[in-house]
file query_16.json (JSON, C-alpha atoms and all ligand atoms)
[["chain", "number", "residue", "atom", "x", "y", "z"],
["A", 1060, "MET", "CA", 69.79, -4.57, 63.44],
["A", 1061, "THR", "CA", 69.39, -1.56, 65.74],
["A", 1062, "TYR", "CA", 66.97, -1.41, 68.62],
["A", 1063, "GLU", "CA", 65.67, 1.52, 70.66],
["A", 1064, "THR", "CA", 65.08, -0.07, 74.04],
["A", 1065, "ILE", "CA", 67.31, -3.13, 74.24],
["A", 1066, "LEU", "CA", 71.00, -3.92, 73.78],
["A", 1067, "VAL", "CA", 71.93, -7.13, 71.99],
["A", 1068, "GLU", "CA", 75.34, -8.83, 72.01],
["A", 1069, "GLN", "CA", 76.54, -12.21, 70.84],
["A", 1070, "HIS", "CA", 78.95, -14.16, 73.03],
["A", 1071, "ASP", "CA", 79.92, -17.04, 70.75],
["A", 1072, "ALA", "CA", 76.71, -19.13, 70.50],
["A", 1073, "VAL", "CA", 74.90, -17.16, 73.23],
["A", 1074, "THR", "CA", 72.75, -14.08, 72.51],
["A", 1075, "LEU", "CA", 72.59, -11.60, 75.39],
["A", 1076, "VAL", "CA", 69.60, -9.24, 75.38],
["A", 1077, "ARG", "CA", 69.59, -6.44, 77.94],
["A", 1078, "LEU", "CA", 66.49, -4.31, 78.60],
["A", 1079, "ASN", "CA", 67.69, -0.72, 78.44],
["A", 1080, "ARG", "CA", 65.17, 1.86, 79.67],
["A", 1081, "PRO", "CA", 66.96, 2.83, 82.91],
["A", 1082, "GLN", "CA", 64.92, 6.02, 83.30],
["A", 1083, "ALA", "CA", 61.76, 3.91, 83.68],
["A", 1084, "LEU", "CA", 63.26, 0.89, 85.48],
["A", 1085, "ASN", "CA", 62.90, -1.04, 82.20],
["A", 1086, "ALA", "CA", 59.11, -0.65, 82.13],
["A", 1087, "LEU", "CA", 57.76, -2.61, 79.19],
["A", 1088, "ASN", "CA", 56.16, -0.32, 76.62],
["A", 1089, "SER", "CA", 55.13, -1.07, 73.03],
["A", 1090, "GLN", "CA", 58.62, -0.30, 71.73],
["A", 1091, "VAL", "CA", 60.22, -2.79, 74.15],
["A", 1092, "LEU", "CA", 57.77, -5.43, 72.96],
["A", 1093, "ALA", "CA", 58.50, -4.66, 69.30],
["A", 1094, "ASP", "CA", 62.27, -4.78, 69.96],
["A", 1095, "LEU", "CA", 62.03, -8.06, 71.88],
["A", 1096, "ILE", "CA", 59.86, -9.69, 69.21],
["A", 1097, "ALA", "CA", 62.46, -8.75, 66.58],
["A", 1098, "ALA", "CA", 65.46, -9.80, 68.69],
["A", 1099, "PHE", "CA", 63.94, -13.15, 69.69],
["A", 1100, "ALA", "CA", 62.90, -13.88, 66.09],
["A", 1101, "ALA", "CA", 66.45, -13.07, 64.91],
["A", 1102, "TYR", "CA", 67.87, -15.38, 67.59],
["A", 1103, "ASP", "CA", 65.50, -18.22, 66.67],
["A", 1104, "ALA", "CA", 66.41, -17.87, 62.98],
["A", 1105, "ASP", "CA", 70.21, -17.73, 63.49],
["A", 1106, "SER", "CA", 71.65, -21.24, 63.45],
["A", 1107, "THR", "CA", 74.91, -20.01, 65.05],
["A", 1108, "GLN", "CA", 72.99, -18.99, 68.21],
["A", 1109, "ARG", "CA", 71.98, -21.76, 70.62],
["A", 1110, "CYS", "CA", 70.87, -20.07, 73.84],
["A", 1111, "LEU", "CA", 69.67, -16.57, 74.81],
["A", 1112, "VAL", "CA", 69.90, -14.68, 78.10],
["A", 1113, "LEU", "CA", 67.41, -11.88, 78.80],
["A", 1114, "THR", "CA", 68.43, -9.51, 81.57],
["A", 1115, "GLY", "CA", 67.85, -6.00, 82.89],
["A", 1116, "SER", "CA", 69.91, -3.77, 85.15],
["A", 1117, "GLU", "CA", 71.23, -4.26, 88.67],
["A", 1118, "LYS", "CA", 68.26, -2.29, 90.02],
["A", 1119, "ALA", "CA", 65.47, -3.69, 87.85],
["A", 1120, "PHE", "CA", 64.91, -6.59, 85.52],
["A", 1121, "ALA", "CA", 61.67, -4.74, 84.68],
["A", 1122, "ALA", "CA", 59.27, -2.82, 86.96],
["A", 1123, "GLY", "CA", 56.23, -3.87, 84.96],
["A", 1124, "ALA", "CA", 54.21, -2.91, 81.95],
["A", 1125, "ASP", "CA", 54.56, 0.84, 81.32],
["A", 1126, "ILE", "CA", 51.92, 2.39, 83.55],
["A", 1127, "LYS", "CA", 52.23, 5.76, 81.79],
["A", 1128, "GLU", "CA", 51.46, 4.10, 78.45],
["A", 1129, "MET", "CA", 48.46, 2.25, 79.93],
["A", 1130, "GLN", "CA", 47.13, 5.23, 81.87],
["A", 1131, "ALA", "CA", 44.93, 6.56, 79.08],
["A", 1132, "MET", "CA", 43.99, 3.17, 77.69],
["A", 1133, "GLY", "CA", 40.42, 1.98, 77.98],
["A", 1134, "PHE", "CA", 38.72, -1.35, 77.36],
["A", 1135, "ALA", "CA", 38.68, -0.82, 73.59],
["A", 1136, "GLY", "CA", 42.46, -0.29, 73.54],
["A", 1137, "ALA", "CA", 43.21, -3.33, 75.70],
["A", 1138, "PHE", "CA", 40.63, -5.72, 74.25],
["A", 1139, "GLY", "CA", 40.12, -4.25, 70.77],
["A", 1140, "ASP", "CA", 43.81, -3.89, 69.97],
["A", 1141, "ASN", "CA", 44.65, -7.14, 71.80],
["A", 1142, "PHE", "CA", 47.33, -5.08, 73.51],
["A", 1143, "PHE", "CA", 49.35, -7.84, 75.17],
["A", 1144, "ALA", "CA", 48.94, -10.59, 72.55],
["A", 1145, "GLY", "CA", 52.31, -9.72, 70.98],
["A", 1146, "TRP", "CA", 54.05, -11.39, 73.94],
["A", 1147, "GLU", "CA", 52.90, -14.73, 72.54],
["A", 1148, "ARG", "CA", 55.46, -14.18, 69.78],
["A", 1149, "VAL", "CA", 58.15, -14.08, 72.46],
["A", 1150, "THR", "CA", 56.88, -17.26, 74.13],
["A", 1151, "ALA", "CA", 56.78, -18.94, 70.71],
["A", 1152, "THR", "CA", 60.61, -18.88, 70.64],
["A", 1153, "ARG", "CA", 61.63, -22.48, 69.95],
["A", 1154, "LYS", "CA", 65.22, -22.37, 71.17],
["A", 1155, "PRO", "CA", 66.16, -22.13, 74.86],
["A", 1156, "TRP", "CA", 66.29, -18.85, 76.73],
["A", 1157, "ILE", "CA", 66.98, -17.88, 80.32],
["A", 1158, "ALA", "CA", 65.90, -14.84, 82.34],
["A", 1159, "ALA", "CA", 68.70, -13.48, 84.55],
["A", 1160, "VAL", "CA", 66.92, -11.35, 87.14],
["A", 1161, "ALA", "CA", 68.43, -8.78, 89.50],
["A", 1162, "GLY", "CA", 66.37, -6.21, 91.41],
["A", 1163, "PHE", "CA", 62.70, -5.62, 90.66],
["A", 1164, "ALA", "CA", 60.73, -8.07, 88.51],
["A", 1165, "LEU", "CA", 57.25, -6.69, 89.08],
["A", 1166, "GLY", "CA", 53.97, -7.03, 87.23],
["A", 1167, "GLY", "CA", 54.77, -7.53, 83.55],
["A", 1168, "GLY", "CA", 58.45, -7.81, 84.54],
["A", 1169, "CYS", "CA", 57.72, -10.89, 86.65],
["A", 1170, "GLU", "CA", 55.48, -12.19, 83.88],
["A", 1171, "VAL", "CA", 58.22, -11.87, 81.23],
["A", 1172, "ALA", "CA", 60.72, -13.58, 83.54],
["A", 1173, "MET", "CA", 58.23, -16.44, 83.92],
["A", 1174, "MET", "CA", 57.97, -16.73, 80.11],
["A", 1175, "ALA", "CA", 61.63, -17.83, 80.11],
["A", 1176, "ASP", "CA", 62.57, -21.50, 80.20],
["A", 1177, "PHE", "CA", 63.93, -20.83, 83.67],
["A", 1178, "ILE", "CA", 64.96, -17.94, 85.89],
["A", 1179, "LEU", "CA", 68.38, -17.41, 87.42],
["A", 1180, "ALA", "CA", 68.03, -14.88, 90.23],
["A", 1181, "ALA", "CA", 70.52, -12.57, 91.87],
["A", 1182, "ASP", "CA", 70.20, -12.45, 95.66],
["A", 1183, "THR", "CA", 68.78, -8.92, 95.14],
["A", 1184, "ALA", "CA", 65.85, -10.12, 93.00],
["A", 1185, "LYS", "CA", 62.32, -9.17, 94.07],
["A", 1186, "PHE", "CA", 59.30, -10.67, 92.36],
["A", 1187, "GLY", "CA", 55.73, -9.46, 92.59],
["A", 1188, "GLN", "CA", 52.37, -9.03, 90.88],
["A", 1189, "PRO", "CA", 51.29, -5.64, 92.28],
["A", 1190, "GLU", "CA", 48.73, -4.90, 89.54],
["A", 1191, "ILE", "CA", 45.87, -5.04, 92.05],
["A", 1192, "LYS", "CA", 47.18, -1.78, 93.53],
["A", 1193, "LEU", "CA", 46.56, -0.16, 90.13],
["A", 1194, "GLY", "CA", 43.02, -1.48, 89.91],
["A", 1195, "VAL", "CA", 43.92, -4.21, 87.43],
["A", 1196, "ALA", "CA", 45.43, -7.71, 87.43],
["A", 1197, "PRO", "CA", 48.24, -9.58, 85.68],
["A", 1198, "GLY", "CA", 47.68, -9.42, 81.90],
["A", 1199, "MET", "CA", 50.63, -11.24, 80.36],
["A", 1200, "GLY", "CA", 50.07, -14.72, 81.76],
["A", 1201, "GLY", "CA", 51.16, -14.02, 85.35],
["A", 1202, "SER", "CA", 48.09, -15.33, 87.15],
["A", 1203, "GLN", "CA", 48.46, -18.63, 85.28],
["A", 1204, "ARG", "CA", 52.25, -19.11, 85.22],
["A", 1205, "LEU", "CA", 52.75, -17.96, 88.83],
["A", 1206, "THR", "CA", 50.03, -20.32, 90.08],
["A", 1207, "ARG", "CA", 51.49, -23.26, 88.17],
["A", 1208, "ALA", "CA", 55.01, -22.40, 89.39],
["A", 1209, "ILE", "CA", 54.40, -21.79, 93.10],
["A", 1210, "GLY", "CA", 50.90, -23.15, 93.78],
["A", 1211, "LYS", "CA", 47.58, -21.52, 94.60],
["A", 1212, "ALA", "CA", 48.24, -20.38, 98.18],
["A", 1213, "LYS", "CA", 51.33, -18.29, 97.48],
["A", 1214, "ALA", "CA", 50.16, -17.10, 94.05],
["A", 1215, "MET", "CA", 46.84, -15.96, 95.49],
["A", 1216, "GLU", "CA", 48.54, -14.17, 98.37],
["A", 1217, "MET", "CA", 50.97, -12.44, 95.98],
["A", 1218, "CYS", "CA", 48.21, -11.33, 93.59],
["A", 1219, "LEU", "CA", 45.77, -10.21, 96.30],
["A", 1220, "THR", "CA", 48.28, -8.31, 98.44],
["A", 1221, "GLY", "CA", 50.73, -7.24, 95.72],
["A", 1222, "ARG", "CA", 53.60, -8.02, 98.10],
["A", 1223, "MET", "CA", 57.10, -8.70, 96.81],
["A", 1224, "MET", "CA", 58.85, -12.04, 97.21],
["A", 1225, "GLY", "CA", 62.62, -12.03, 97.75],
["A", 1226, "ALA", "CA", 65.05, -14.33, 95.98],
["A", 1227, "GLU", "CA", 65.28, -16.92, 98.79],
["A", 1228, "GLU", "CA", 61.52, -17.35, 99.04],
["A", 1229, "ALA", "CA", 61.31, -17.46, 95.24],
["A", 1230, "GLU", "CA", 63.83, -20.30, 95.11],
["A", 1231, "ARG", "CA", 62.17, -22.17, 97.97],
["A", 1232, "SER", "CA", 58.81, -21.81, 96.20],
["A", 1233, "GLY", "CA", 60.05, -23.11, 92.84],
["A", 1234, "LEU", "CA", 59.81, -19.80, 90.97],
["A", 1235, "VAL", "CA", 63.55, -19.62, 90.24],
["A", 1236, "ALA", "CA", 66.03, -22.34, 89.38],
["A", 1237, "ARG", "CA", 68.95, -20.94, 91.37],
["A", 1238, "ILE", "CA", 70.16, -17.88, 93.28],
["A", 1239, "VAL", "CA", 73.63, -16.44, 92.75],
["A", 1240, "PRO", "CA", 75.34, -13.43, 94.36],
["A", 1241, "ALA", "CA", 74.38, -10.31, 92.37],
["A", 1242, "ALA", "CA", 77.97, -9.62, 91.30],
["A", 1243, "GLU", "CA", 78.15, -13.08, 89.69],
["A", 1244, "LEU", "CA", 74.76, -13.10, 87.98],
["A", 1245, "MET", "CA", 75.90, -12.27, 84.44],
["A", 1246, "ASP", "CA", 78.93, -14.59, 84.53],
["A", 1247, "GLU", "CA", 76.79, -17.42, 85.84],
["A", 1248, "ALA", "CA", 73.97, -16.78, 83.34],
["A", 1249, "LEU", "CA", 76.40, -16.69, 80.40],
["A", 1250, "LYS", "CA", 78.17, -19.82, 81.67],
["A", 1251, "THR", "CA", 74.87, -21.68, 82.05],
["A", 1252, "ALA", "CA", 73.72, -20.50, 78.61],
["A", 1253, "ALA", "CA", 77.04, -21.61, 77.09],
["A", 1254, "ALA", "CA", 76.56, -25.07, 78.60],
["A", 1255, "ILE", "CA", 73.10, -25.28, 77.01],
["A", 1256, "ALA", "CA", 74.47, -23.89, 73.73],
["A", 1257, "ALA", "CA", 76.97, -26.76, 73.63],
["A", 1258, "MET", "CA", 74.19, -29.37, 73.65],
["A", 1259, "PRO", "CA", 72.84, -31.00, 70.48],
["A", 1260, "PRO", "CA", 70.39, -28.33, 69.24],
["A", 1261, "LEU", "CA", 67.50, -30.57, 68.20],
["A", 1262, "ALA", "CA", 67.62, -32.39, 71.54],
["A", 1263, "ALA", "CA", 67.61, -28.98, 73.30],
["A", 1264, "ILE", "CA", 64.39, -27.98, 71.51],
["A", 1265, "ALA", "CA", 62.84, -31.39, 72.21],
["A", 1266, "ASN", "CA", 63.71, -31.22, 75.93],
["A", 1267, "LYS", "CA", 62.26, -27.70, 76.14],
["A", 1268, "GLU", "CA", 59.03, -28.75, 74.41],
["A", 1269, "MET", "CA", 58.65, -31.75, 76.72],
["A", 1270, "VAL", "CA", 59.02, -29.78, 79.95],
["A", 1271, "ASN", "CA", 56.70, -27.07, 78.65],
["A", 1272, "THR", "CA", 54.13, -29.73, 77.79],
["A", 1273, "ALA", "CA", 54.30, -30.97, 81.40],
["A", 1274, "PHE", "CA", 53.66, -27.39, 82.51],
["A", 1275, "GLU", "CA", 50.80, -26.80, 80.10],
["A", 1276, "THR", "CA", 48.86, -30.10, 79.79],
["A", 1277, "GLY", "CA", 47.85, -33.19, 81.77],
["A", 1278, "LEU", "CA", 50.06, -36.20, 82.59],
["A", 1279, "ALA", "CA", 48.76, -38.66, 79.96],
["A", 1280, "THR", "CA", 49.01, -36.07, 77.16],
["A", 1281, "GLY", "CA", 52.47, -35.07, 78.33],
["A", 1282, "ILE", "CA", 53.79, -38.63, 78.52],
["A", 1283, "LEU", "CA", 52.52, -39.43, 75.03],
["A", 1284, "PHE", "CA", 54.05, -36.19, 73.72],
["A", 1285, "GLU", "CA", 57.36, -37.08, 75.40],
["A", 1286, "ARG", "CA", 57.40, -40.58, 73.92],
["A", 1287, "ARG", "CA", 56.71, -39.36, 70.39],
["A", 1288, "LEU", "CA", 59.43, -36.71, 70.57],
["A", 1289, "PHE", "CA", 61.84, -39.17, 72.20],
["A", 1290, "ASP", "CA", 61.21, -41.63, 69.37],
["A", 1291, "GLY", "CA", 61.69, -38.84, 66.84],
["A", 1292, "LEU", "CA", 65.13, -37.98, 68.23],
["A", 1293, "PHE", "CA", 66.22, -41.52, 67.25],
["A", 1294, "ALA", "CA", 66.00, -40.37, 63.63],
["A", 1295, "THR", "CA", 68.65, -37.65, 64.11],
["A", 1296, "GLU", "CA", 72.34, -37.77, 63.25],
["A", 1297, "ASP", "CA", 73.08, -36.18, 66.63],
["A", 1298, "LYS", "CA", 71.56, -39.23, 68.38],
["A", 1299, "ILE", "CA", 73.91, -41.56, 66.49],
["A", 1300, "GLU", "CA", 76.84, -39.22, 67.18],
["A", 1301, "GLY", "CA", 75.94, -38.78, 70.88],
["A", 1302, "MET", "CA", 75.73, -42.49, 71.62],
["A", 1303, "THR", "CA", 78.78, -43.33, 69.47],
["A", 1304, "ALA", "CA", 80.78, -40.60, 71.22],
["A", 1305, "PHE", "CA", 79.79, -42.01, 74.62],
["A", 1306, "VAL", "CA", 80.91, -45.51, 73.66],
["A", 1307, "GLU", "CA", 84.16, -44.15, 72.16],
["A", 1308, "LYS", "CA", 84.73, -42.02, 75.32],
["A", 1309, "ARG", "CA", 84.96, -38.69, 73.47],
["A", 1310, "ALA", "CA", 82.93, -35.47, 73.21],
["A", 1311, "GLY", "CA", 80.13, -35.34, 70.62],
["A", 1312, "ASN", "CA", 80.31, -33.16, 67.49],
["A", 1313, "TRP", "CA", 76.80, -31.88, 66.86],
["A", 1314, "VAL", "CA", 75.43, -31.16, 63.39],
["A", 1315, "GLY", "CA", 71.87, -30.14, 64.36],
["A", 1316, "ARG", "CA", 70.26, -32.78, 62.16],
["B", 1, "LIG", "N1", 55.75, 2.05, 84.31],
["B", 1, "LIG", "C1", 56.20, 3.27, 83.99],
["B", 1, "LIG", "N2", 57.16, 3.88, 84.67],
["B", 1, "LIG", "C2", 57.69, 3.26, 85.74],
["B", 1, "LIG", "C3", 57.27, 1.98, 86.14],
["B", 1, "LIG", "C4", 56.25, 1.35, 85.36],
["B", 1, "LIG", "N3", 55.80, 0.12, 85.63],
["B", 1, "LIG", "N4", 57.97, 1.61, 87.24],
["B", 1, "LIG", "C5", 58.80, 2.62, 87.51],
["B", 1, "LIG", "N5", 58.65, 3.63, 86.61],
["B", 1, "LIG", "C6", 59.36, 4.91, 86.56],
["B", 1, "LIG", "C7", 58.89, 5.84, 87.66],
["B", 1, "LIG", "O1", 57.70, 6.49, 87.28],
["B", 1, "LIG", "C8", 60.07, 6.76, 87.77],
["B", 1, "LIG", "O2", 60.01, 7.70, 86.71],
["B", 1, "LIG", "P1", 60.17, 9.29, 87.02],
["B", 1, "LIG", "O3", 61.59, 9.40, 87.49],
["B", 1, "LIG", "O4", 59.93, 9.91, 85.69],
["B", 1, "LIG", "O5", 59.19, 9.61, 88.06],
["B", 1, "LIG", "C9", 61.27, 5.85, 87.49],
["B", 1, "LIG", "O6", 60.74, 4.71, 86.82],
["B", 1, "LIG", "C10", 61.95, 5.36, 88.76],
["B", 1, "LIG", "O7", 60.97, 4.77, 89.60],
["B", 1, "LIG", "P2", 60.77, 5.17, 91.14],
["B", 1, "LIG", "O8", 61.18, 6.59, 91.38],
["B", 1, "LIG", "O9", 59.37, 4.79, 91.54],
["B", 1, "LIG", "O10", 61.84, 4.18, 91.82],
["B", 1, "LIG", "P3", 61.81, 3.62, 93.32],
["B", 1, "LIG", "O11", 63.13, 2.97, 93.52],
["B", 1, "LIG", "O12", 61.36, 4.68, 94.27],
["B", 1, "LIG", "O13", 60.64, 2.50, 93.32],
["B", 1, "LIG", "C11", 59.45, 0.61, 92.40],
["B", 1, "LIG", "C12", 60.81, 1.33, 92.54],
["B", 1, "LIG", "C13", 58.99, 0.07, 93.78],
["B", 1, "LIG", "C14", 59.66, -0.56, 91.45],
["B", 1, "LIG", "C15", 58.38, 1.59, 91.86],
["B", 1, "LIG", "O14", 58.90, 2.23, 90.70],
["B", 1, "LIG", "C16", 57.08, 0.93, 91.46],
["B", 1, "LIG", "O15", 56.28, 0.60, 92.32],
["B", 1, "LIG", "N6", 56.84, 0.76, 90.14],
["B", 1, "LIG", "C17", 55.59, 0.21, 89.62],
["B", 1, "LIG", "C18", 55.54, -1.29, 89.85],
["B", 1, "LIG", "C19", 54.23, -1.82, 89.30],
["B", 1, "LIG", "O16", 53.15, -1.50, 89.77],
["B", 1, "LIG", "N7", 54.32, -2.68, 88.28],
["B", 1, "LIG", "C20", 53.16, -3.28, 87.69],
["B", 1, "LIG", "C21", 52.77, -2.49, 86.46],
["B", 1, "LIG", "S1", 51.23, -3.04, 85.78],
["B", 1, "LIG", "C22", 51.60, -4.40, 84.89],
["B", 1, "LIG", "O17", 52.75, -4.79, 84.70],
["B", 1, "LIG", "C23", 50.39, -5.14, 84.39],
["B", 1, "LIG", "C24", 50.60, -5.91, 83.14],
["B", 1, "LIG", "C25", 49.27, -6.39, 82.63],
["B", 1, "LIG", "C26", 48.27, -5.25, 82.45],
["B", 1, "LIG", "C27", 47.22, -5.61, 81.49],
["B", 1, "LIG", "C28", 46.46, -4.35, 81.04],
["B", 1, "LIG", "C29", 45.78, -4.52, 79.69]]

call {"tool": "encode", "arguments": {"input": "query_16.json", "output": "structure tokens", "more": "lines below"}}
Ligand code: CO8
result
Amino acid sequence: MTYETILVEQHDAVTLVRLNRPQALNALNSQVLADLIAAFAAYDADSTQRCLVLTGSEKAFAAGADIKEMQAMGFAGAFGDNFFAGWERVTATRKPWIAAVAGFALGGGCEVAMMADFILAADTAKFGQPEIKLGVAPGMGGSQRLTRAIGKAKAMEMCLTGRMMGAEEAERSGLVARIVPAAELMDEALKTAAAIAAMPPLAAIANKEMVNTAFETGLATGILFERRLFDGLFATEDKIEGMTAFVEKRAGNWVGR
């Protein structure tokens, strides 16, 4: 499969997707969305691939939705064509994926990073929702995911002022899982993804769905959802293998059933 705006590599069981529009700081236009939808669908469908890393360049993960593409768009284009709904096909990815962010993650760039299961940030990362300065607002889930991730006070300040948040503040606020020195970001992201890829695949999907349910619903619903999925995992061969391997003091051999 060839793509126009992204580069895709496989590192054993890890798919690495790199946004590749350096001339526009990886601004997210319709072609990027189409390429990402195809790449994420291919990843989800490929049973040899167990974790995905989405990254950008050293300077920019992505500097937002493409302002030049949106400049001429009116209400009918945004609402009528449901312009940003395609991103829901990216968030529908069932298998785990990580955003590895260096440099700018602004507007839609911050929103795409927040779609990931978690964010690993270089110490150079800068997050922001500056859409207000363009007369608009986040449109790819940012007002909701940012508020859930860092709370109302900081999310409101970020959205109303458009200011950028550095990596340290982002980690302190719960937006990113971990900060690593910029030069080590890719090694660390691939290492972390490889560790996830080595886990039993059905349990990985179940764990992801449980944490997302905590993020998206109330406590009682989430606990019931967790219990049902937990019970379901007891019907898998990997559960028998995992517990037998523990008792026999050896590593598990996962079959994904
Ligand atoms: N869209 C299009 N092109 C961009 C974007 C962008 N978001 N960001 C940067 N570029 C382009 C620049 O125009 C420039 O191109 P050119 O060389 O042809 O002039 C090139 O990338 C390099 O950028 P700069 O020269 O500006 O680089 P600097 O290092 O000086 O500045 C910044 C870097 C601070 C990141 C600056 O580029 C910037 O402020 N970019 C815009 C950030 C922004 O406002 N992002 C939010 C976009 S809106 C959005 O994401 C909303 C999503 C939901 C909308 C819903 C509507 C339906």

call {"tool": "residues_near_ligand", "arguments": {"input": "query_16.json", "ligand": "ligand LIG 1 (chain B)", "cutoff": "6 Å", "atoms": "all atoms listed in the file", "output": "compact mmCIF listing (two decimals) with C-alpha atoms, keeping the file's coordinate frame"}}
result
# COMPACT_ATOMS: atom_id res chain seq x y z
CA GLN A 1082 64.92 6.02 83.30
CA ALA A 1083 61.76 3.91 83.68
CA LEU A 1084 63.26 0.89 85.48
CA ALA A 1086 59.11 -0.65 82.13
CA ALA A 1122 59.27 -2.82 86.96
CA GLY A 1123 56.23 -3.87 84.96
CA ALA A 1124 54.21 -2.91 81.95
CA ASP A 1125 54.56 0.84 81.32
CA ILE A 1126 51.92 2.39 83.55
CA LYS A 1127 52.23 5.76 81.79
CA ALA A 1137 43.21 -3.33 75.70
CA PHE A 1163 62.70 -5.62 90.66
CA LEU A 1165 57.25 -6.69 89.08
CA GLY A 1166 53.97 -7.03 87.23
CA GLY A 1167 54.77 -7.53 83.55
CA PRO A 1189 51.29 -5.64 92.28
CA GLU A 1190 48.73 -4.90 89.54
CA PRO A 1197 48.24 -9.58 85.68
CA GLY A 1198 47.68 -9.42 81.90
CA MET A 1199 50.63 -11.24 80.36

call {"tool": "residues_around", "arguments": {"input": "query_16.json", "residues": "His1070 in chain A", "least_positions_apart": "2", "cutoff": "12 Å", "atoms": "all atoms listed in the file", "output": "mmCIF file with C-alpha atoms, in the frame of the given file"}}
result
data_model
loop_
_atom_site.group_PDB
_atom_site.id
_atom_site.type_symbol
_atom_site.label_atom_id
_atom_site.label_comp_id
_atom_site.auth_asym_id
_atom_site.auth_seq_id
_atom_site.Cartn_x
_atom_site.Cartn_y
_atom_site.Cartn_z
ATOM 1 C CA VAL A 1067 71.930 -7.130 71.990
ATOM 2 C CA GLU A 1068 75.340 -8.830 72.010
ATOM 3 C CA ALA A 1072 76.710 -19.130 70.500
ATOM 4 C CA VAL A 1073 74.900 -17.160 73.230
ATOM 5 C CA THR A 1074 72.750 -14.080 72.510
ATOM 6 C CA LEU A 1075 72.590 -11.600 75.390
ATOM 7 C CA VAL A 1076 69.600 -9.240 75.380
ATOM 8 C CA THR A 1107 74.910 -20.010 65.050
ATOM 9 C CA GLN A 1108 72.990 -18.990 68.210
ATOM 10 C CA ARG A 1109 71.980 -21.760 70.620
ATOM 11 C CA CYS A 1110 70.870 -20.070 73.840
ATOM 12 C CA LEU A 1111 69.670 -16.570 74.810
ATOM 13 C CA VAL A 1112 69.900 -14.680 78.100
ATOM 14 C CA MET A 1245 75.900 -12.270 84.440
ATOM 15 C CA ASP A 1246 78.930 -14.590 84.530
ATOM 16 C CA ALA A 1248 73.970 -16.780 83.340
ATOM 17 C CA LEU A 1249 76.400 -16.690 80.400
ATOM 18 C CA LYS A 1250 78.170 -19.820 81.670
ATOM 19 C CA ALA A 1252 73.720 -20.500 78.610
ATOM 20 C CA ALA A 1253 77.040 -21.610 77.090
ATOM 21 C CA ALA A 1256 74.470 -23.890 73.730
#

call {"tool": "atom_distance", "arguments": {"input": "query_16.json", "atom1": "CA of Met1173 in chain A", "atom2": "CA of Thr1206 in chain A"}}
result
11.0 Å

call {"tool": "residues_around", "arguments": {"input": "query_16.json", "residues": "Val1171 in chain A", "least_positions_apart": "3", "cutoff": "10 Å", "atoms": "only C-alpha atoms", "output": "short mmCIF file (atom, residue, chain, number, x, y, z; two decimals) with C-alpha atoms, keeping the file's coordinate frame"}}
result
data_model
loop_
_atom_site.label_atom_id
_atom_site.label_comp_id
_atom_site.auth_asym_id
_atom_site.auth_seq_id
_atom_site.Cartn_x
_atom_site.Cartn_y
_atom_site.Cartn_z
CA LEU A 1087 57.76 -2.61 79.19
CA LEU A 1113 67.41 -11.88 78.80
CA PHE A 1120 64.91 -6.59 85.52
CA ALA A 1121 61.67 -4.74 84.68
CA GLY A 1123 56.23 -3.87 84.96
CA ALA A 1124 54.21 -2.91 81.95
CA TRP A 1146 54.05 -11.39 73.94
CA VAL A 1149 58.15 -14.08 72.46
CA THR A 1150 56.88 -17.26 74.13
CA ALA A 1158 65.90 -14.84 82.34
CA ALA A 1164 60.73 -8.07 88.51
CA LEU A 1165 57.25 -6.69 89.08
CA GLY A 1166 53.97 -7.03 87.23
CA GLY A 1167 54.77 -7.53 83.55
CA GLY A 1168 58.45 -7.81 84.54
CA MET A 1174 57.97 -16.73 80.11
CA ALA A 1175 61.63 -17.83 80.11
CA MET A 1199 50.63 -11.24 80.36
CA GLY A 1200 50.07 -14.72 81.76
CA GLY A 1201 51.16 -14.02 85.35
#

call {"tool": "atom_distance", "arguments": {"input": "query_16.json", "atom1": "CA of Asn1088 in chain A", "atom2": "CA of Leu1066 in chain A"}}
result
15.5 Å

call {"tool": "closest_atom_pairs", "arguments": {"input": "query_16.json", "of": "range 1167-1243 of chain A", "to": "range 1265-1284 of chain A", "cutoff": "10 Å", "atoms": "all atoms listed in the file", "output": "tab-separated table"}}
result
residue	atom	partner	partner_atom	distance
A:Asp1176	CA	A:Lys1267	CA	7.4
A:Gln1203	CA	A:Glu1275	CA	10.0
A:Arg1204	CA	A:Phe1274	CA	8.8
A:Arg1207	CA	A:Phe1274	CA	7.3
A:Ala1208	CA	A:Phe1274	CA	8.6

call {"tool": "closest_residue", "arguments": {"input": "query_16.json", "among": "A:Pro1155, A:Gly1139, A:Gly1233, A:Gly1301", "to": "Phe1099 in chain A", "atoms": "only C-alpha atoms"}}
result
A:Pro1155

call {"tool": "atom_distance", "arguments": {"input": "query_16.json", "atom1": "CA of Leu1078 in chain A", "atom2": "CA of Leu1219 in chain A"}}
result
27.9 Å

call {"tool": "residues_around", "arguments": {"input": "query_16.json", "residues": "Glu1296 in chain A", "least_positions_apart": "2", "cutoff": "12 Å", "atoms": "only C-alpha atoms", "output": "PyMOL selection string"}}
result
chain A and resi 1259-1262+1291-1294+1298-1304+1311-1316

call {"tool": "closest_residue", "arguments": {"input": "query_16.json", "among": "A:Ala1196, A:Ala1212, A:Leu1179, A:Ala1242", "to": "Ala1229 in chain A", "atoms": "all atoms listed in the file"}}
result
A:Leu1179

call {"tool": "residues_around", "arguments": {"input": "query_16.json", "residues": "Arg1222 in chain A", "least_positions_apart": "5", "cutoff": "10 Å", "atoms": "only C-alpha atoms", "output": "list in words"}}
result
Leu1165, Lys1185, Phe1186, Gly1187, Gln1188, Pro1189, Glu1216 and Met1217 of chain A

call {"tool": "closest_residue", "arguments": {"input": "query_16.json", "among": "A:Val1306, A:Ala1101, A:Met1129, A:Ile1209", "to": "Val1235 in chain A", "atoms": "all atoms listed in the file"}}
result
A:Ile1209
